[in-house]
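Here is the structure we will look at, set down as structure tokens.
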Amino acid sequence: MNKLITEEEAVQILERGGVVALPTETVYGLACSAKNAAAVARVYQIKNRPADNPLICHFHSVEQLIHYIETPNETEQVLLSHFTPGPLSFLFRLKPDSPLQPATGGRQTLVARIPAHPLFLSILKKLNQPIAAPSANTSGKYSATTAEMVLHDLGHRIDGVVNGGISRAGLESTIIQVTESAVLILRPGVIGPDDIREVLRSANMDKPVIYARSIETTPGSKYKHYAPDTPLRLLNNLSELPNDQPVALLTVDEISISEKSMVDVYSLGSVHQPQQIAANLYRTLFEMDQKKYPVAYLFLPPLSDKHWQHTLQNRIQKMIQHT
Ligand code: TXA
Ligand code: MG
């Protein structure tokens with residue numbers, strides 16, 4: 001199942017309408033040419049993705065992006081120039097009769113991102129076409145943050161993967177929508193509301209930055225997401241851990257468990273470094289899944305950083321949704 005490919009091979013496969021996994025600084029993406037309806041259909045099939053969930057598209061520059069969208073307003077321009085390339089995605093209005101409609105499922109809106117990973121950026125420049133790339137995982141499962149995770153989940157269904165090492169952030173991008181009255185965070189992620197507020201303040205733009213109820217705008221938010229194969233339960237209290245069978249516990253450095261217990265502890269990092277917890281989360285779920293425990297538990301004490309608390313809770317709640 002060795003399907004590691006070079007950057008040049010990836011460009012050629014994408015040009016021919018193939019589907020490859022590419023590294024980004026957030027998570028790996030399952031990439032195809034955004035204008036190619038047959039390739040987009042294959043991405044849905046490979047991921048087993050619900051048909052009503054449109055695909056995020058990637059661009060190498062603002063110059064390339066503005067070719068496809070209605071002119072960004074001043075707030076969008078400031079945020080684009082400050083945060084891109086990087087882990088911030090924008091919901092924009094498409095120009096009419098857009099060639100990107102295969103990726104957006106006929107919608108008049110587009111979620112767009114300029115990724116910061118040098119390999120992805122270089123492939124975007126060589127292809128010189130927008131790339132549709134949802135996270136490279138079977139629908140419902142955690143995102144892949146290494147090439148090995150992609151190969152394990154989708155290796156036999158895709159045309160290859162470019163190995164770009166471990167995704168630095170390890171968590172999906174923040175998605176925002178700028179309205180007349182506010183900046184709405186549709187999906188919390190690596191960039192938090194304070195980061196956005198600070199940039200707006202220094203540009204003398206005062207718009208509230210608020211978490212939105214994303215379900216109305218990003219169709220993907222209503223489905224189960226990010227889940228491991230192992231049944232996962234959330235713990236409110238460590239005393240709820242069973243001691244009659246081997247189980248896994250995902251938690252933080254600050255928690256310790258009696259050596260005598262049958263619990264295998266997987267630490268995600270320190271409560272004082274929530275970004276590290278986020279970066280380790282999916283990779284640790286993958287590592288844990290290989291051991292085939294009958295059940296795994298997750299215990300995350302409250303974090304003092306409100307944005308990371310909200311962001312990690314967002315992912316964790318979706319992991320256990322409908323299970
Ligand atoms: O960090 C990321 O954003 C990664 C990397 C690969 O770029 N991508 C990613 O894609 O997380 P995905 O498909 O797992 O999440 C994108 C979200 C989905 O919830 C989808 O519903 C929403 O964006 N979305 C995409 N296009 C949209 C559109 N036109 N209108 C509303 N929501 C859209
Ligand atoms: Mg995803």
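Within each chain, counting starts at residue 1; across the structure tokens, chains are named A, B, ... in the order shown, with ligands numbered 1 upward in that order.
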
- Query: So which residues touch Thr26 in chain A within 6 Å, counting only C-alpha atoms, skipping near sequence neighbours fewer than 2 positions away, as a list in words?
  - Reply: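 Those residues are Thr24, Ser167, Ala169, Gly170, Leu171 and Glu172 of chain A.
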
- Item | Spatial neighbours of Ser139 in chain A, 12 Å, only C-alpha atoms, chain gap at least 3 places, as a PyMOL selection string | chain A and resi 30+43-51+53+134-136+142-144+153-154+220-221+223-229+319

- Nearest to Val209 in chain A by atom-to-atom distance, counting only C-alpha atoms, from A:Glu254, A:Gln64, A:Leu184, A:Lys3: A:Leu184

Contact table range 23-64 of chain A vs range 118-128 of chain A, cut-off 9 Å, shortest pair per residue, only C-alpha atoms, as JSON lines:
{"residue": "A:Pro23", "atom": "CA", "partner": "A:Phe120", "partner_atom": "CA", "distance": 6.4}
{"residue": "A:Thr24", "atom": "CA", "partner": "A:Phe120", "partner_atom": "CA", "distance": 6.4}
{"residue": "A:Ser33", "atom": "CA", "partner": "A:Leu127", "partner_atom": "CA", "distance": 8.8}
{"residue": "A:His58", "atom": "CA", "partner": "A:Leu124", "partner_atom": "CA", "distance": 7.9}
{"residue": "A:Phe59", "atom": "CA", "partner": "A:Leu124", "partner_atom": "CA", "distance": 6.6}
{"residue": "A:His60", "atom": "CA", "partner": "A:Leu124", "partner_atom": "CA", "distance": 5.5}
{"residue": "A:Ser61", "atom": "CA", "partner": "A:Lys125", "partner_atom": "CA", "distance": 8.8}
{"residue": "A:Gln64", "atom": "CA", "partner": "A:Asn128", "partner_atom": "CA", "distance": 8.5}

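For the set A:Lys318, A:Ile13, A:Asn237, A:Asp159, the residue with the smallest atom-to-atom gap to ligand 2 is A:Lys318, counting only C-alpha atoms and all ligand atoms.
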
- Item | Surrounding residues of range 271-277 of chain A excluding itself and chain neighbours under 5 positions, 10 Å, only C-alpha atoms, as a PyMOL selection string | chain A and resi 168-171+190+251-255+282+284+300-305+307-309+311-312
